[in-house]
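Quick look at target37.cif (mmCIF, C-alpha atoms):
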data_structure
#
loop_
_atom_site.label_atom_id
_atom_site.label_comp_id
_atom_site.auth_asym_id
_atom_site.auth_seq_id
_atom_site.Cartn_x
_atom_site.Cartn_y
_atom_site.Cartn_z
CA MET A 1 -4.91 -35.56 -2.83
CA THR A 2 -4.82 -32.15 -1.16
CA ASN A 3 -6.78 -31.59 2.03
CA GLU A 4 -8.53 -28.31 1.23
CA LEU A 5 -11.56 -29.18 3.38
CA GLY A 6 -9.46 -29.89 6.47
CA ASN A 7 -7.25 -26.86 5.93
CA PHE A 8 -10.30 -24.61 5.65
CA LEU A 9 -11.83 -25.99 8.84
CA LYS A 10 -8.54 -25.55 10.68
CA ALA A 11 -8.25 -21.92 9.52
CA CYS A 12 -11.85 -21.16 10.54
CA ARG A 13 -11.28 -22.76 13.95
CA ALA A 14 -8.11 -20.69 14.46
CA ARG A 15 -9.93 -17.44 13.62
CA ARG A 16 -12.84 -17.98 16.02
CA LYS A 17 -12.33 -16.64 19.55
CA PRO A 18 -13.77 -18.71 22.41
CA ASP A 19 -15.85 -15.82 23.78
CA GLU A 20 -17.53 -15.43 20.37
CA VAL A 21 -19.14 -18.85 20.83
CA GLY A 22 -19.81 -18.58 24.55
CA ILE A 23 -16.80 -20.52 25.81
CA PRO A 24 -15.20 -18.99 28.94
CA THR A 25 -11.46 -18.47 28.47
CA GLY A 26 -10.53 -18.75 32.16
CA HIS A 27 -7.26 -17.40 33.49
CA GLY A 28 -4.75 -19.80 31.97
CA VAL A 29 -2.77 -19.33 28.76
CA ARG A 30 -4.35 -21.05 25.75
CA ARG A 31 -1.76 -22.76 23.57
CA THR A 32 -4.15 -23.08 20.61
CA PRO A 33 -5.07 -20.02 18.56
CA GLY A 34 -8.84 -19.82 18.39
CA LEU A 35 -10.84 -22.90 19.31
CA ARG A 36 -9.59 -26.36 20.22
CA ARG A 37 -10.81 -29.34 18.22
CA GLU A 38 -12.73 -30.73 21.15
CA GLU A 39 -14.46 -27.36 21.60
CA VAL A 40 -15.61 -27.40 17.99
CA ALA A 41 -16.86 -30.95 18.51
CA ALA A 42 -18.83 -29.90 21.60
CA LEU A 43 -20.32 -26.89 19.82
CA THR A 44 -21.45 -28.92 16.83
CA GLY A 45 -22.48 -32.19 18.45
CA ILE A 46 -19.86 -34.07 16.42
CA SER A 47 -17.50 -36.47 18.14
CA ALA A 48 -13.98 -35.16 18.68
CA ASP A 49 -12.57 -38.17 16.84
CA TYR A 50 -14.79 -37.58 13.80
CA TYR A 51 -13.93 -33.88 13.69
CA THR A 52 -10.22 -34.68 13.95
CA ARG A 53 -10.54 -37.09 11.02
CA LEU A 54 -12.24 -34.32 9.00
CA GLU A 55 -9.39 -31.89 9.64
CA GLN A 56 -6.75 -34.49 8.89
CA GLY A 57 -8.39 -35.56 5.64
CA ARG A 58 -9.12 -39.10 6.84
CA GLU A 59 -12.89 -38.51 6.54
CA ARG A 60 -14.00 -37.22 3.14
CA HIS A 61 -17.75 -37.84 3.09
CA PRO A 62 -19.39 -35.58 5.71
CA SER A 63 -23.16 -35.38 5.47
CA ASP A 64 -25.03 -32.14 4.88
CA ALA A 65 -26.17 -32.29 8.51
CA VAL A 66 -22.55 -32.40 9.71
CA LEU A 67 -21.57 -29.54 7.41
CA ASP A 68 -24.50 -27.42 8.58
CA ALA A 69 -23.57 -28.10 12.20
CA LEU A 70 -20.04 -26.90 11.46
CA VAL A 71 -21.44 -23.77 9.84
CA ARG A 72 -23.43 -22.99 12.98
CA GLY A 73 -20.67 -23.91 15.42
CA LEU A 74 -17.94 -21.95 13.64
CA LEU A 75 -20.28 -19.01 12.89
CA LEU A 76 -19.59 -19.15 9.16
CA ASP A 77 -21.28 -16.61 6.93
CA ALA A 78 -23.24 -17.46 3.77
CA THR A 79 -20.18 -17.31 1.52
CA GLU A 80 -18.14 -19.54 3.85
CA HIS A 81 -21.14 -21.90 4.12
CA GLN A 82 -21.18 -22.37 0.36
CA HIS A 83 -17.40 -22.69 0.24
CA LEU A 84 -17.48 -25.45 2.87
CA HIS A 85 -20.05 -27.40 0.88
CA ASN A 86 -18.01 -26.94 -2.31
CA LEU A 87 -14.87 -28.30 -0.64
CA ALA A 88 -16.79 -31.23 0.84
CA ARG A 89 -18.17 -32.08 -2.59
CA HIS A 90 -14.66 -32.07 -3.99
CA ALA A 91 -13.30 -34.15 -1.09
CA SER A 92 -15.94 -36.81 -1.74
CA GLY A 93 -14.77 -37.17 -5.33
CA VAL A 94 -17.43 -35.14 -7.19
CA ARG A 95 -15.85 -32.95 -9.88
CA HIS A 96 -17.06 -30.16 -12.14
CA PRO A 97 -16.06 -30.68 -15.78
CA GLU A 98 -13.00 -28.55 -16.51
CA GLN A 99 -13.59 -25.50 -18.66
CA PRO A 100 -11.94 -25.38 -22.11
CA GLU A 101 -8.52 -23.73 -22.39
CA VAL A 102 -9.67 -21.15 -24.95
CA GLU A 103 -12.75 -19.18 -23.99
CA SER A 104 -13.99 -16.86 -26.70
CA VAL A 105 -15.81 -13.72 -25.60
CA ARG A 106 -19.23 -13.29 -27.16
CA PRO A 107 -19.49 -10.52 -29.76
CA SER A 108 -22.33 -8.95 -27.77
CA VAL A 109 -20.03 -8.67 -24.73
CA LEU A 110 -17.33 -7.03 -26.85
CA SER A 111 -19.94 -4.61 -28.17
CA LEU A 112 -20.95 -3.80 -24.59
CA LEU A 113 -17.34 -2.88 -23.77
CA GLY A 114 -17.45 -0.46 -26.68
CA VAL A 115 -20.68 1.25 -25.62
CA LEU A 116 -19.57 1.80 -22.03
CA GLY A 117 -17.98 5.02 -23.20
CA ASP A 118 -15.02 6.24 -21.20
CA SER A 119 -15.71 3.92 -18.25
CA PRO A 120 -12.75 1.53 -17.86
CA ALA A 121 -13.93 -2.05 -18.23
CA TYR A 122 -12.53 -5.52 -18.82
CA VAL A 123 -13.70 -9.13 -18.93
CA LEU A 124 -12.26 -11.80 -16.62
CA ASN A 125 -12.56 -15.57 -16.76
CA ARG A 126 -12.64 -17.96 -13.78
CA CYS A 127 -8.88 -17.56 -13.22
CA ASN A 128 -9.01 -13.73 -13.41
CA ASP A 129 -7.32 -13.70 -16.81
CA VAL A 130 -8.13 -10.50 -18.72
CA VAL A 131 -9.76 -11.98 -21.83
CA ALA A 132 -11.11 -8.69 -23.23
CA SER A 133 -11.08 -5.00 -22.36
CA ASN A 134 -11.83 -1.57 -23.67
CA PRO A 135 -8.77 0.71 -24.06
CA ALA A 136 -9.34 2.54 -20.77
CA GLY A 137 -9.78 -0.76 -18.92
CA LEU A 138 -6.39 -2.01 -20.05
CA ALA A 139 -4.76 1.37 -19.39
CA LEU A 140 -6.19 1.49 -15.87
CA LEU A 141 -3.96 -1.47 -14.94
CA ALA A 142 -0.79 0.52 -15.60
CA GLY A 143 1.90 -1.58 -17.25
CA ILE A 144 -0.12 -4.77 -17.72
CA ASP A 145 0.06 -4.19 -21.48
CA GLN A 146 3.83 -4.83 -21.16
CA TRP A 147 2.97 -8.51 -20.60
CA PRO A 148 1.89 -10.93 -23.35
CA GLU A 149 -1.88 -11.38 -23.52
CA GLN A 150 -1.63 -14.88 -22.04
CA ARG A 151 -0.07 -13.51 -18.82
CA ARG A 152 -2.54 -10.67 -18.28
CA ASN A 153 -4.22 -11.77 -15.09
CA THR A 154 -5.41 -9.36 -12.39
CA THR A 155 -4.21 -11.50 -9.47
CA ARG A 156 -0.82 -12.14 -11.08
CA TYR A 157 -0.61 -8.41 -11.82
CA LEU A 158 -1.26 -7.47 -8.18
CA PHE A 159 1.48 -9.70 -6.82
CA LEU A 160 4.11 -9.81 -9.57
CA HIS A 161 3.95 -6.56 -11.58
CA PRO A 162 6.13 -3.78 -10.13
CA SER A 163 3.58 -1.07 -11.01
CA ALA A 164 0.74 -2.62 -9.00
CA ARG A 165 2.02 -1.64 -5.55
CA THR A 166 2.12 2.06 -6.36
CA LEU A 167 -1.01 2.00 -8.53
CA MET A 168 -3.23 0.36 -5.91
CA VAL A 169 -3.62 2.61 -2.88
CA GLY A 170 -3.72 0.40 0.22
CA TRP A 171 -2.10 -2.47 -1.67
CA PRO A 172 -2.08 -5.01 1.23
CA GLU A 173 -5.86 -4.80 1.67
CA VAL A 174 -6.48 -4.87 -2.08
CA ALA A 175 -4.24 -7.91 -2.41
CA GLN A 176 -5.91 -9.78 0.47
CA ASN A 177 -9.35 -9.05 -1.00
CA SER A 178 -8.17 -10.40 -4.34
CA VAL A 179 -6.91 -13.58 -2.66
CA ALA A 180 -10.24 -14.01 -0.86
CA ASP A 181 -12.02 -13.70 -4.20
CA LEU A 182 -9.64 -16.24 -5.78
CA ARG A 183 -10.27 -18.61 -2.83
CA ALA A 184 -13.98 -18.51 -3.58
CA ARG A 185 -13.37 -19.50 -7.19
CA PHE A 186 -10.80 -22.12 -6.22
CA GLY A 187 -13.20 -23.67 -3.71
CA ASP A 188 -15.79 -24.21 -6.42
CA ASN A 189 -13.39 -26.64 -8.06
CA PRO A 190 -9.96 -27.15 -6.42
CA ALA A 191 -9.05 -29.56 -9.23
CA ASP A 192 -9.18 -26.85 -11.91
CA ARG A 193 -5.78 -27.15 -13.58
CA ARG A 194 -5.48 -23.49 -14.57
CA LEU A 195 -6.41 -22.21 -11.13
CA LYS A 196 -3.93 -24.59 -9.52
CA ALA A 197 -1.21 -23.42 -11.91
CA LEU A 198 -1.87 -19.78 -11.00
CA VAL A 199 -1.81 -20.51 -7.28
CA ASP A 200 1.38 -22.57 -7.62
CA GLU A 201 3.07 -19.76 -9.56
CA LEU A 202 2.17 -17.15 -6.94
CA MET A 203 3.24 -19.44 -4.11
CA ARG A 204 6.69 -19.67 -5.73
CA LYS A 205 7.18 -16.11 -6.91
CA SER A 206 5.44 -13.85 -4.38
CA GLU A 207 6.64 -13.21 -0.84
CA GLU A 208 3.21 -12.13 0.41
CA PHE A 209 0.85 -14.49 -1.40
CA PRO A 210 1.54 -17.70 0.60
CA ALA A 211 0.58 -16.13 3.95
CA MET A 212 -2.55 -14.50 2.49
CA TRP A 213 -3.57 -17.75 0.81
CA ALA A 214 -3.07 -19.67 4.05
CA ARG A 215 -5.71 -17.53 5.80
CA HIS A 216 -8.45 -19.30 3.82
CA GLU A 217 -10.55 -16.13 3.72
CA VAL A 218 -13.40 -16.41 1.22
CA GLN A 219 -15.18 -13.40 -0.28
CA PRO A 220 -16.10 -13.07 -3.96
CA LYS A 221 -15.96 -9.50 -5.24
CA SER A 222 -19.18 -7.95 -6.53
CA SER A 223 -18.89 -4.19 -6.01
CA GLY A 224 -16.95 -1.60 -4.08
CA VAL A 225 -14.62 1.38 -4.27
CA LYS A 226 -10.98 1.22 -5.33
CA ASP A 227 -8.39 3.97 -4.98
CA PHE A 228 -5.68 4.41 -7.59
CA ASP A 229 -2.57 6.53 -7.96
CA HIS A 230 -2.13 6.22 -11.71
CA PRO A 231 1.22 7.23 -13.23
CA ALA A 232 -0.50 8.97 -16.16
CA VAL A 233 -3.34 10.83 -14.41
CA GLY A 234 -2.67 10.79 -10.66
CA PRO A 235 -5.06 9.88 -7.83
CA MET A 236 -8.63 8.76 -8.46
CA SER A 237 -11.26 6.87 -6.50
CA LEU A 238 -13.58 4.72 -8.63
CA THR A 239 -16.58 2.58 -7.85
CA TYR A 240 -16.72 -0.79 -9.53
CA GLU A 241 -19.34 -3.40 -10.34
CA VAL A 242 -18.68 -7.03 -11.23
CA LEU A 243 -21.33 -8.37 -13.62
CA SER A 244 -21.67 -12.07 -14.46
CA VAL A 245 -22.12 -12.96 -18.13
CA SER A 246 -25.04 -15.32 -18.53
CA GLY A 247 -24.12 -18.65 -20.10
CA ALA A 248 -20.36 -18.11 -19.86
CA ASP A 249 -17.68 -18.32 -17.19
CA HIS A 250 -16.95 -14.61 -17.60
CA ARG A 251 -17.39 -11.47 -15.51
CA ILE A 252 -17.36 -7.86 -16.67
CA VAL A 253 -15.66 -5.41 -14.30
CA VAL A 254 -16.78 -1.82 -14.86
CA TYR A 255 -15.30 1.25 -13.13
CA GLN A 256 -17.17 4.53 -12.78
CA ALA A 257 -16.64 8.01 -11.36
CA GLU A 258 -19.18 10.62 -10.22
CA PRO A 259 -19.80 13.07 -13.10
CA GLY A 260 -18.28 16.46 -12.41
CA SER A 261 -15.89 15.11 -9.79
CA PRO A 262 -12.06 15.22 -9.91
CA ASP A 263 -12.20 11.43 -10.29
CA HIS A 264 -14.34 11.82 -13.40
CA ASP A 265 -11.82 14.32 -14.78
CA ALA A 266 -9.04 11.81 -14.11
CA VAL A 267 -10.89 9.10 -16.05
CA ALA A 268 -11.43 11.56 -18.93
CA LEU A 269 -7.71 12.32 -18.91
CA LEU A 270 -6.91 8.60 -18.90
CA ASN A 271 -9.01 8.21 -22.04
CA LEU A 272 -7.23 11.14 -23.70
CA VAL A 273 -3.90 9.48 -23.00
CA VAL A 274 -5.20 6.19 -24.37
CA ARG A 275 -6.48 7.74 -27.59
CA ARG A 276 -3.07 9.15 -28.34
CA GLU A 277 -1.50 5.72 -27.98
CA SER A 278 -4.02 3.08 -29.06
CA PRO A 279 -7.10 2.56 -31.29
CA ALA A 280 -10.48 3.00 -29.59
CA VAL A 281 -11.65 -0.60 -30.01
CA PRO A 282 -12.00 -3.36 -27.42
CA GLU A 283 -9.00 -5.69 -27.13
CA HIS A 284 -9.71 -9.40 -26.85
CA ARG A 285 -8.04 -12.73 -27.29
CA ALA A 286 -8.48 -14.52 -30.55
#
As structure tokens, what does this structure read like?
Amino acid sequence: MTNELGNFLKACRARRKPDEVGIPTGHGVRRTPGLRREEVAALTGISADYYTRLEQGRERHPSDAVLDALVRGLLLDATEHQHLHNLARHASGVRHPEQPEVESVRPSVLSLLGVLGDSPAYVLNRCNDVVASNPAGLALLAGIDQWPEQRRNTTRYLFLHPSARTLMVGWPEVAQNSVADLRARFGDNPADRRLKALVDELMRKSEEFPAMWARHEVQPKSSGVKDFDHPAVGPMSLTYEVLSVSGADHRIVVYQAEPGSPDHDAVALLNLVVRRESPAVPEHRA
């Protein structure tokens, strides 16, 4: 059994500076990055032996009181708080039922993709597979249409498709944010076979992914701004919103540009290019 709970605690401890939690650093050289185990124990009121067993995976049933003490002592935010509880639930043996392999997209969601107009949009499942898109949404991820539908995954695209590094302006930050989002989904159920397969593939095939994954940063994506340098239309800066689909393990990602702006013109040009090359209907898996 993997020790995701202990690995997460260790990463959080390494990130936290002593002065952030009121511990004087003194004048000597600290051999441990971040906090020592005994310092975390003192901050949380947990015995050093018990905390060590948590990190090493020898204790897998921490109480809610212990977890909440760790949240306070390590200054975890709300997302990290939830992630810690998810990992503890998994460590204790509680599992979510695994989602079915084939996840059909509701007709109403496909219709929504069609009525979004020229705004690029696509639907992702738990693993960030692209399970449906409008034409502009697929075209926005330049070159992803070269892959079979079963391989079209936004995280895989970022790390393994040669076009992604030039398409995504500030690729390292975009990639780390994507990993933090994937961590949040992985933490909800580390036993999910498809998520584990994706992580294992990226650990083998990407030079950068293993180090980013090892940071244990957790931050689900909900909205923001993303800068592109698209081979067909050039630079554009688009806002995006991630919308959960009620009753399904799907999210709709919608990109928008300010009307009248150069970014809006770039999106319009992207749609002109798409219309020359593909039918104006949403693509989805059967």
Distance query segment 50-64 of chain A at most 12 Å, only C-alpha atoms, self and fewer than 6 positions along chain excluded, as a VMD selection string:
chain A and resid 1 to 13 36 to 44 70 to 71 81 to 82 84 to 94
Explicit residues for the PyMOL selection byres ((chain A and resi 141) around 12) (as a ChimeraX atom specification):
/A:120-122,130,133-140,142-147,152-158,161-168,228-232,255,270
I need the output of the PyMOL selection byres ((chain A and resi 257-269) around 7) for this file as an MDAnalysis selection string; which residues are they?
chainID A and resid 118 233 236:239 256 270:273
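With only the atoms specified (only C-alpha atoms) counting, those residues at most 8 Å away from (-23.3, -11.9, -22.1) are Arg106, Ser108, Val109, Ser244, Val245, Ser246, Gly247 and Ala248 of chain A.
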Selected residues written out, C-alpha atoms, as a compact mmCIF listing (two decimals), in the frame of the given file:
# COMPACT_ATOMS: atom_id res chain seq x y z
CA ARG A 106 -19.23 -13.29 -27.16
CA SER A 108 -22.33 -8.95 -27.77
CA VAL A 109 -20.03 -8.67 -24.73
CA SER A 244 -21.67 -12.07 -14.46
CA VAL A 245 -22.12 -12.96 -18.13
CA SER A 246 -25.04 -15.32 -18.53
CA GLY A 247 -24.12 -18.65 -20.10
CA ALA A 248 -20.36 -18.11 -19.86
Provide the atom CA of Lys226 of chain A to atom CA of Val169 of chain A distance in Å, to one decimal place.
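Interatomic distance here is 7.9 Å.
Put simply, atom CA of Ser222 of chain A is 12.7 Å away from atom CA of Leu182 of chain A.
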